[in-house]
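Have a look at the structure below before the remarks.
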There are 2 protein chains.
Amino acid sequence: MHYTQKDIVEMDRIQRIKYMNSVSGIKPANLIGTISEKGQTNLAIFSSVFHLGSDPALLGFITRPTGEVPRHTFENLIKNDQYTINHVPSSFVKNAHYTSAKLERDQSEFEICGFSPEYVPDFKAPFVKESALKMGMRFKQTIDIELNGTILVIGEIEHLIISNAAIDAEDDVNLADINGVGISGLNTYYDLHKIDRYPYARASEIPNFKDGK
Amino acid sequence: MHYTQKDIVEMDRIQRIKYMNSVSGIKPANLIGTISEKGQTNLAIFSSVFHLGSDPALLGFITRPTGEVPRHTFENLIKNDQYTINHVPSSFVKNAHYTSAKLERDQSEFEICGFSPEYVPDFKAPFVKESALKMGMRFKQTIDIELNGTILVIGEIEHLIISNAAIDAEDDVNLADINGVGISGLNTYYDLHKIDRYPYARASEIPNFKDGK
């Protein structure tokens with residue numbers, strides 16, 4: 001199929017949302033943990049976390065502004081400058097999916113979706129005990145994306161907590177070993193199998209791909 | 001292991017780059033195709049493409065500014081407002097990886113890495129024939145990320161070309177069926193296996209996770 005811009009604009013709204021949430025490729029499955037000023041914990045699945053830089057260690061994610069729909073994650077992290085990002089393990093995918101339901105402000109997705117909050121000294125936001133790779137984030141900046149009214153939230157990693165099994169001999173995080181998960185579209189989940197690891201690509205070492213692969 | 005911010009700052013530079021490129025979770029593997037004003041094609045692998053919105057249909061990716069290191073992709077797309085984003089199929093992962101090598105301006109990664117350029121009428125930028133899902137993008141905006149000098153590039157989808165096999169009965173793109181690929185860190189590649197698809201999460205339909213999963 002070939003969809004032009006006109007086809008996309010005229011597409012059924014739900015179909016367009018499904019397609020457009022799929023076309024970037026696989027997305028990471030992360031749970032963002034926050035806490036309100038009253039001590040109410042919140043946990044929500046996000047597929048938009050991305051690497052922004054190593055020095056300083058920055059991650060970004062995309063959210064919508066707080067308007068008619070309350071955005072507890074965003075409200076909490078703006079108020080106390082802290083949040084956690086926790087990888088979803090494949091054995092908790094269904095639990096993690098249901099954190100996207102709209103709960104009342106006094107309900108915690110930790111309890112209702114079967115996750116255990118865990119804390120680090122001098123850091124308020126709750127981590128997810130069941131996660132093999134989790135980060136305590138310090139909020140740094142929001143950037144408004146005027147083209148569609150979304151917000152890019154940028155934070156710096158203050159704590160990186162990672163199971164020893166996750167790091168392989170090459171200092172890579174082995175996402176297959178920690179049962180890492182990807183998301184496509186709004187609600188389809190994938191597990192990950194390592195294909196291969198290739199060396200840093202130097203022009204002088206490119207294999208001969210020209211005569212067929 | 002628990003790494004604090006101090007540990008991360010003091011970490012060996014290469015180790016920090018590897019870790020920090022892994023901690024966001026799985027990243028999508030996309031090839032960005034561009035063409036220079038002189039007609040020289042360019043193709044480069046990016047792991048930073050992300051969904052920004054459905055209406056209008058926007059995708060973002062992160063790049064570094066053009067400085068000492070030439071950034072042919074960025075230079076080309078700024079000059080003619082067009083680029084393509086093409087999913088890497090798992091049978092071409094090694095070819096795709098080597099597009100990250102620094103070639104001379106008059107060399108094309110299409111030829112050297114074994115990909116075939118493909119064109120759509122009235123659209124200058126080259127698509128990757130071997131890709132099962134590819135998009136023709138219209139450059140919309142750059143946003144400077146002052147925290148680390150990176151650039152967010154935003155474009156709108158003008159063409160979405162997708163093999164019929166990729167769309168399942170739920171209007172989801174089935175990334176397993178099109179041999180989709182994820183990246184962790186700088187150079188480890190994963191293929192994707194569907195775990196499950198869950199319905200839109202309503203508060204009234206949350207399974208009972210409280211008494212154990």
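Scheme for the structure tokens: letters A, B, ... for chains in order shown; per-chain residue numbers from 1; ligand numbers from 1 in order shown.
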
Exercise for the section: Would you mind writing down, as a ChimeraX atom specification, each residue of stretch 72-136 of chain A that DSSP on the backbone assigns to strand (DSSP E)? Expected result: /A:82-87,117-120,123-128,133-136

Practice task
Compile the contact shell of B:Asn76 as a list in words: residues with an atom at most 9 Å away, counting only C-alpha atoms, same-chain residues fewer than 3 positions apart removed.
Solution key: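 Listed by chain and then number, they are Thr34, Ile35, Ser36, Glu37, Asn42, Arg71, His72, Thr73, Lys79, Asn80, Asp81, Gln82 and Tyr83 of chain B.
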
The selected residues should be written to file as a PDB file, in the first residue's frame (atoms: C-alpha atoms).
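As written to disk, result14.pdb reads:
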```
ATOM      1  CA  THR B  34      18.710  11.837   1.533  1.00  0.00           C
ATOM      2  CA  ILE B  35      20.066  13.358  -1.661  1.00  0.00           C
ATOM      3  CA  SER B  36      22.379  16.326  -2.137  1.00  0.00           C
ATOM      4  CA  GLU B  37      21.783  19.220  -4.526  1.00  0.00           C
ATOM      5  CA  ASN B  42      23.223   9.255   1.227  1.00  0.00           C
ATOM      6  CA  ARG B  71      26.659  15.267   8.769  1.00  0.00           C
ATOM      7  CA  HIS B  72      25.532  14.545   5.222  1.00  0.00           C
ATOM      8  CA  THR B  73      22.028  13.460   6.270  1.00  0.00           C
ATOM      9  CA  LYS B  79      18.769  21.944   1.874  1.00  0.00           C
ATOM     10  CA  ASN B  80      15.870  20.265   0.104  1.00  0.00           C
ATOM     11  CA  ASP B  81      13.355  19.694   2.922  1.00  0.00           C
ATOM     12  CA  GLN B  82      13.037  15.997   2.136  1.00  0.00           C
ATOM     13  CA  TYR B  83      14.240  12.706   3.564  1.00  0.00           C
TER      14      TYR B  83
END
```

Handout entry: Residue with smallest distance to chain A - pool B:Ser131, B:Gln107, B:Ser100, B:Asn86, counting only C-alpha atoms
Key =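 For chain A, the nearest of the candidates is B:Ser100.
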
Cut-off 6 Å: closest chain A/chain B atom pairs per residue, using only C-alpha atoms, as a tab-separated table:
```
residue	atom	partner	partner_atom	distance
A:Met1	CA	B:Ile162	CA	5.4
A:His2	CA	B:Ile161	CA	4.5
A:Tyr3	CA	B:Leu160	CA	5.0
A:Thr4	CA	B:His159	CA	4.7
A:Gln5	CA	B:Glu158	CA	4.4
A:Ile17	CA	B:Ser54	CA	5.5
A:Met20	CA	B:Ser54	CA	5.3
A:Ser22	CA	B:Val173	CA	5.8
A:Ser24	CA	B:Phe50	CA	5.7
A:Gly25	CA	B:Pro28	CA	5.1
A:Ile26	CA	B:Pro28	CA	4.9
A:Pro28	CA	B:Ile26	CA	4.9
A:Phe50	CA	B:Ser24	CA	5.7
A:His51	CA	B:Ser24	CA	5.9
A:Ser54	CA	B:Met20	CA	5.3
A:Tyr98	CA	B:Ala201	CA	5.4
A:Ala101	CA	B:Ala201	CA	4.8
A:Lys102	CA	B:Ala203	CA	5.9
A:Ile112	CA	B:Lys210	CA	5.9
A:Cys113	CA	B:Phe209	CA	5.3
A:Gly114	CA	B:Phe209	CA	5.0
A:Glu158	CA	B:Gln5	CA	4.4
A:His159	CA	B:Thr4	CA	4.7
A:Leu160	CA	B:Tyr3	CA	5.0
A:Ile161	CA	B:His2	CA	4.5
A:Ile162	CA	B:Met1	CA	5.4
A:Val173	CA	B:Ser22	CA	5.8
A:Asn187	CA	B:Arg197	CA	5.6
A:Thr188	CA	B:Arg197	CA	4.2
A:Tyr189	CA	B:Ile195	CA	5.4
A:Tyr190	CA	B:Lys194	CA	4.3
A:Asp191	CA	B:His193	CA	5.3
A:Leu192	CA	B:Leu192	CA	5.1
A:His193	CA	B:Tyr190	CA	5.1
A:Lys194	CA	B:Tyr190	CA	4.3
A:Ile195	CA	B:Tyr190	CA	5.0
A:Asp196	CA	B:Tyr189	CA	5.6
A:Arg197	CA	B:Thr188	CA	4.2
A:Tyr198	CA	B:Asn187	CA	5.7
A:Ala201	CA	B:Ala101	CA	4.8
A:Arg202	CA	B:Ala101	CA	4.9
A:Ala203	CA	B:Ala101	CA	5.0
A:Phe209	CA	B:Gly114	CA	5.0
A:Lys210	CA	B:Gly114	CA	5.2
```

Exercise for the section: Grab the atom CA of A:Glu109 to atom CA of A:Ala96 distance for me, in Å with one decimal place. Expected result: 9.0 Å

Problem - Straight-line distance linking atom CA of A:Thr142 with atom CA of B:Thr142, stated in Å to one decimal - result: 15.6 Å

Exercise for the section: Calculate how many Å separate atom CA of A:Phe74 from atom CA of A:Tyr119, rounding to one decimal. Expected result: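 Interatomic distance, atom CA of A:Phe74 to atom CA of A:Tyr119: 19.7 Å.
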